[in-house]
Amino acid sequence: MTTLTDTNRKWVAKHLVMAGRLLDIDSQLAFEHALAASRRGGRLAVVREAVGLTAYAAGDYAEALRELRTYRRISGDQTHLPVMVDCLRGTGKPDKAIELAQEPEAQKLTGPARAEMAMVLSGAYQDRGDLVAALEALEIPELDINRAYPFSPRLYAAYSELLEALGRDEQAQRWRHQVSVAERALGTGAFEDPEILDFDEEDEDEQLMPRVKDVLPVHERPAQR
């Protein structure tokens with residue numbers, strides 16, 4: 001943030017705040033706010049990250065991929081590799097998506113990031129018509145029927161759908177049932193409380209650069225097309 005003047009820092013921060021608030025409401029407008037932030041703070045990693053994530057949410061996968069590649073180069077952060085893989089899928093390049101998912105940095109992902117990567121990688125294999133490889137891509141340590149993480153309902157659902165497509169109906173039914181069990185335990189899906197957004201004017205004066213990913217709802221990391 002030391003590269004920005006006080007005036008520019010406030011301008012950029014306000015646009016990033018709005019991008020985060022609008023991401024799940026109007027993704028295109030959120031993208032426009034992120035672009036506005038980039039006009040004065042385009043050298044900042046957090047701004048390139050915001051542009052990439054909002055472009056992704058708005059369905060502009062080519063732009064999202066460019067921005068997230070830049071963010072990755074500037075910051076060294078590998079967090080958004082799953083989103084980048086999904087962007088390659090979105091631009092009709094499943095082979096490139098699989099190639100990126102097999103890079104050493106991607107293989108080091110754990111927890112939620114590994115689960116997201118597994119789901120988009122599975123999708124890439126499905127794009128190629130390889131259902132067996134798609135199923136195997138989901139068989140990661142986080143695919144635990146006895147433990148629910150925020151991403152578990154989506155992971156269970158993806159696994160059950162592939163089992164069904166492969167004719168393994170009994171197993172598919174078991175995992176499908178586990179989706180609702182996990183949602184109940186987590187208070188998500190049909191069991192989720194309504195989200196309340198507090199638009200506080202005081203937030204608009206925030207000096208720190210907010211990160212769009214911090215307000216990105218868990219179920220949108222990354223979006224499943």
# chains A, B, ... in the order shown; residues from 1 in each chain; ligands from 1

$ residues_around --residues "region 95-101 of chain A" --least-positions-apart "6" --cutoff "9 Å" --atoms "only C-alpha atoms" --output "MDAnalysis selection string"
chainID A and resid 81:82 84:89 107 117:118 120:121 124:125 128

$ write_last_selection --atoms "N, CA and C atoms" --output "compact mmCIF listing (two decimals), in the first residue's frame"
# COMPACT_ATOMS: atom_id res chain seq x y z
N LEU A 81 -5.12 -21.44 -7.84
CA LEU A 81 -4.87 -22.40 -8.91
C LEU A 81 -6.14 -23.14 -9.34
N PRO A 82 -7.01 -23.56 -8.39
CA PRO A 82 -8.24 -24.22 -8.83
C PRO A 82 -9.11 -23.32 -9.71
N MET A 84 -8.01 -20.94 -11.65
CA MET A 84 -7.31 -20.86 -12.94
C MET A 84 -7.57 -22.10 -13.78
N VAL A 85 -7.58 -23.26 -13.14
CA VAL A 85 -7.89 -24.50 -13.86
C VAL A 85 -9.31 -24.44 -14.42
N ASP A 86 -10.24 -23.94 -13.61
CA ASP A 86 -11.63 -23.84 -14.08
C ASP A 86 -11.76 -22.81 -15.20
N CYS A 87 -10.94 -21.76 -15.16
CA CYS A 87 -10.95 -20.78 -16.25
C CYS A 87 -10.51 -21.42 -17.56
N LEU A 88 -9.53 -22.29 -17.49
CA LEU A 88 -9.10 -23.00 -18.70
C LEU A 88 -10.22 -23.89 -19.22
N ARG A 89 -10.95 -24.51 -18.31
CA ARG A 89 -12.13 -25.26 -18.74
C ARG A 89 -13.14 -24.34 -19.42
N GLN A 107 0.03 -29.83 -6.78
CA GLN A 107 0.08 -31.08 -6.04
C GLN A 107 0.32 -30.85 -4.54
N MET A 117 -9.62 -28.01 -6.15
CA MET A 117 -8.87 -28.48 -7.30
C MET A 117 -9.40 -29.83 -7.77
N ALA A 118 -9.72 -30.71 -6.83
CA ALA A 118 -10.24 -32.03 -7.20
C ALA A 118 -11.53 -31.90 -8.00
N VAL A 120 -12.66 -29.25 -9.83
CA VAL A 120 -12.49 -28.68 -11.17
C VAL A 120 -11.70 -29.63 -12.07
N LEU A 121 -10.74 -30.36 -11.49
CA LEU A 121 -10.01 -31.35 -12.27
C LEU A 121 -10.95 -32.46 -12.73
N ALA A 124 -12.78 -31.25 -15.63
CA ALA A 124 -11.97 -31.25 -16.86
C ALA A 124 -11.94 -32.64 -17.48
N TYR A 125 -11.82 -33.67 -16.65
CA TYR A 125 -11.86 -35.04 -17.17
C TYR A 125 -13.24 -35.36 -17.76
N ARG A 128 -13.60 -34.17 -21.18
CA ARG A 128 -12.96 -35.06 -22.15
C ARG A 128 -13.69 -36.40 -22.28

$ select_by_dssp --residues "region 29-218 of chain A" --states "helix (DSSP H, G or I)" --output "VMD selection string"
chain A and resid 29 to 41 45 to 57 61 to 75 81 to 90 94 to 101 104 to 107 111 to 127 131 to 137 152 to 165 169 to 186 189 to 191 201 to 205 212 to 214 218

$ closest_atom_pairs --of "region 31-145 of chain A" --to "region 170-190 of chain A" --cutoff "12 Å" --atoms "only C-alpha atoms" --output "JSON lines"
{"residue": "A:Leu135", "atom": "CA", "partner": "A:Ala172", "partner_atom": "CA", "distance": 11.6}
{"residue": "A:Leu143", "atom": "CA", "partner": "A:Trp175", "partner_atom": "CA", "distance": 10.3}
{"residue": "A:Asp144", "atom": "CA", "partner": "A:Trp175", "partner_atom": "CA", "distance": 10.3}
{"residue": "A:Ile145", "atom": "CA", "partner": "A:Gln178", "partner_atom": "CA", "distance": 7.2}
